[in-house]
Amino acid sequence: PTGFSPNGDGINDVFKIVKHLNIKKLNKFIVYNRWGNIVFETTDISKGWDGMYKDQPAESAVYTWQIDVSTYDKETIVKNGNITLIR
């Protein structure tokens with residue numbers, strides 16, 4: 001996805017990794033704001049970012065994400081990209 005809208009309607013409220021059959025372990029999933037501050041971080045593949053930062057709704061903006069996973073094929077995959085939070 002390129003955007004998500006955490007507005008409580010139950011549709012597209014959380015930005016998270018879709019559990020892929022070949023992911024053995026999530027080493028890290030981090031979301032940064034435009035100033036480089038970490039707004040979300042986890043190693044639990046079942047958790048995602050709900051658009052909150054310091055117990056407050058994060059502003060509508062473009063955020064950068066990074067994931068690092070280990071696969072069942074014994075590979076490490078690191079990817080990054082952008083996500084737009086829409087309020």
# chains A, B, ... in the order shown; residues from 1 in each chain; ligands from 1

call {"tool": "residues_around", "arguments": {"residues": "Thr43 (chain A)", "least_positions_apart": "3", "cutoff": "7 Å", "atoms": "only C-alpha atoms", "output": "MDAnalysis selection string"}}
result
chainID A and resid 26:29

call {"tool": "select_by_dssp", "arguments": {"residues": "chain A", "states": "strand (DSSP E)", "output": "number ranges by chain"}}
result
A: 3-4, 23-32, 38-42, 52-53, 56-57, 61-71, 76-85

call {"tool": "write_last_selection", "arguments": {"atoms": "C-alpha atoms", "output": "PDB file, in the first residue's frame"}}
result
ATOM      1  CA  GLY A   3      -1.403   5.059   2.113  1.00  0.00           C
ATOM      2  CA  PHE A   4      -3.597   4.268   5.079  1.00  0.00           C
ATOM      3  CA  ILE A  23       8.870 -14.954   6.447  1.00  0.00           C
ATOM      4  CA  LYS A  24      10.383 -16.883   9.316  1.00  0.00           C
ATOM      5  CA  LYS A  25      11.188 -13.914  11.554  1.00  0.00           C
ATOM      6  CA  LEU A  26      10.584 -10.191  11.558  1.00  0.00           C
ATOM      7  CA  ASN A  27      13.872  -8.692  12.698  1.00  0.00           C
ATOM      8  CA  LYS A  28      12.527  -5.140  12.632  1.00  0.00           C
ATOM      9  CA  PHE A  29       9.734  -2.994  11.270  1.00  0.00           C
ATOM     10  CA  ILE A  30      10.302   0.716  11.836  1.00  0.00           C
ATOM     11  CA  VAL A  31       8.345   3.797  10.730  1.00  0.00           C
ATOM     12  CA  TYR A  32      10.029   7.220  10.756  1.00  0.00           C
ATOM     13  CA  ILE A  38      10.925   6.653  15.126  1.00  0.00           C
ATOM     14  CA  VAL A  39       7.134   6.786  15.413  1.00  0.00           C
ATOM     15  CA  PHE A  40       6.633   3.000  15.462  1.00  0.00           C
ATOM     16  CA  GLU A  41       8.865  -0.025  15.955  1.00  0.00           C
ATOM     17  CA  THR A  42       8.205  -3.743  16.393  1.00  0.00           C
ATOM     18  CA  MET A  52      -0.375   7.168  16.793  1.00  0.00           C
ATOM     19  CA  TYR A  53       2.791   8.931  17.994  1.00  0.00           C
ATOM     20  CA  GLN A  56      -1.488  11.314  20.022  1.00  0.00           C
ATOM     21  CA  PRO A  57      -2.745  10.953  16.447  1.00  0.00           C
ATOM     22  CA  ALA A  61       2.136  13.253   6.160  1.00  0.00           C
ATOM     23  CA  VAL A  62       4.435  10.917   4.302  1.00  0.00           C
ATOM     24  CA  TYR A  63       6.389   8.539   6.548  1.00  0.00           C
ATOM     25  CA  THR A  64       9.335   6.284   5.748  1.00  0.00           C
ATOM     26  CA  TRP A  65       9.312   2.611   6.687  1.00  0.00           C
ATOM     27  CA  GLN A  66      11.969  -0.072   6.871  1.00  0.00           C
ATOM     28  CA  ILE A  67      11.616  -3.820   7.322  1.00  0.00           C
ATOM     29  CA  ASP A  68      14.225  -6.491   7.918  1.00  0.00           C
ATOM     30  CA  VAL A  69      13.095 -10.118   7.744  1.00  0.00           C
ATOM     31  CA  SER A  70      14.649 -13.573   7.791  1.00  0.00           C
ATOM     32  CA  THR A  71      13.138 -16.136   5.445  1.00  0.00           C
ATOM     33  CA  THR A  76      17.823 -11.723   5.044  1.00  0.00           C
ATOM     34  CA  ILE A  77      15.701  -9.205   3.174  1.00  0.00           C
ATOM     35  CA  VAL A  78      15.785  -5.484   3.935  1.00  0.00           C
ATOM     36  CA  LYS A  79      13.280  -3.188   2.234  1.00  0.00           C
ATOM     37  CA  ASN A  80      12.166   0.401   2.711  1.00  0.00           C
ATOM     38  CA  GLY A  81       9.651   2.783   1.267  1.00  0.00           C
ATOM     39  CA  ASN A  82       7.100   5.493   2.001  1.00  0.00           C
ATOM     40  CA  ILE A  83       3.558   5.435   3.356  1.00  0.00           C
ATOM     41  CA  THR A  84       1.107   8.332   3.420  1.00  0.00           C
ATOM     42  CA  LEU A  85      -0.999   8.741   6.546  1.00  0.00           C
TER      43      LEU A  85
END

call {"tool": "closest_residue", "arguments": {"among": "A:Pro1, A:Lys16, A:Pro6, A:Arg87", "to": "Gly48 (chain A)", "atoms": "only C-alpha atoms"}}
result
A:Lys16

call {"tool": "closest_residue", "arguments": {"among": "A:Lys74, A:Asn37, A:Ile45, A:Ser60", "to": "His20 (chain A)", "atoms": "only C-alpha atoms"}}
result
A:Ile45

call {"tool": "atom_distance", "arguments": {"atom1": "CA of Asn7 (chain A)", "atom2": "CA of Ala58 (chain A)"}}
result
11.4 Å
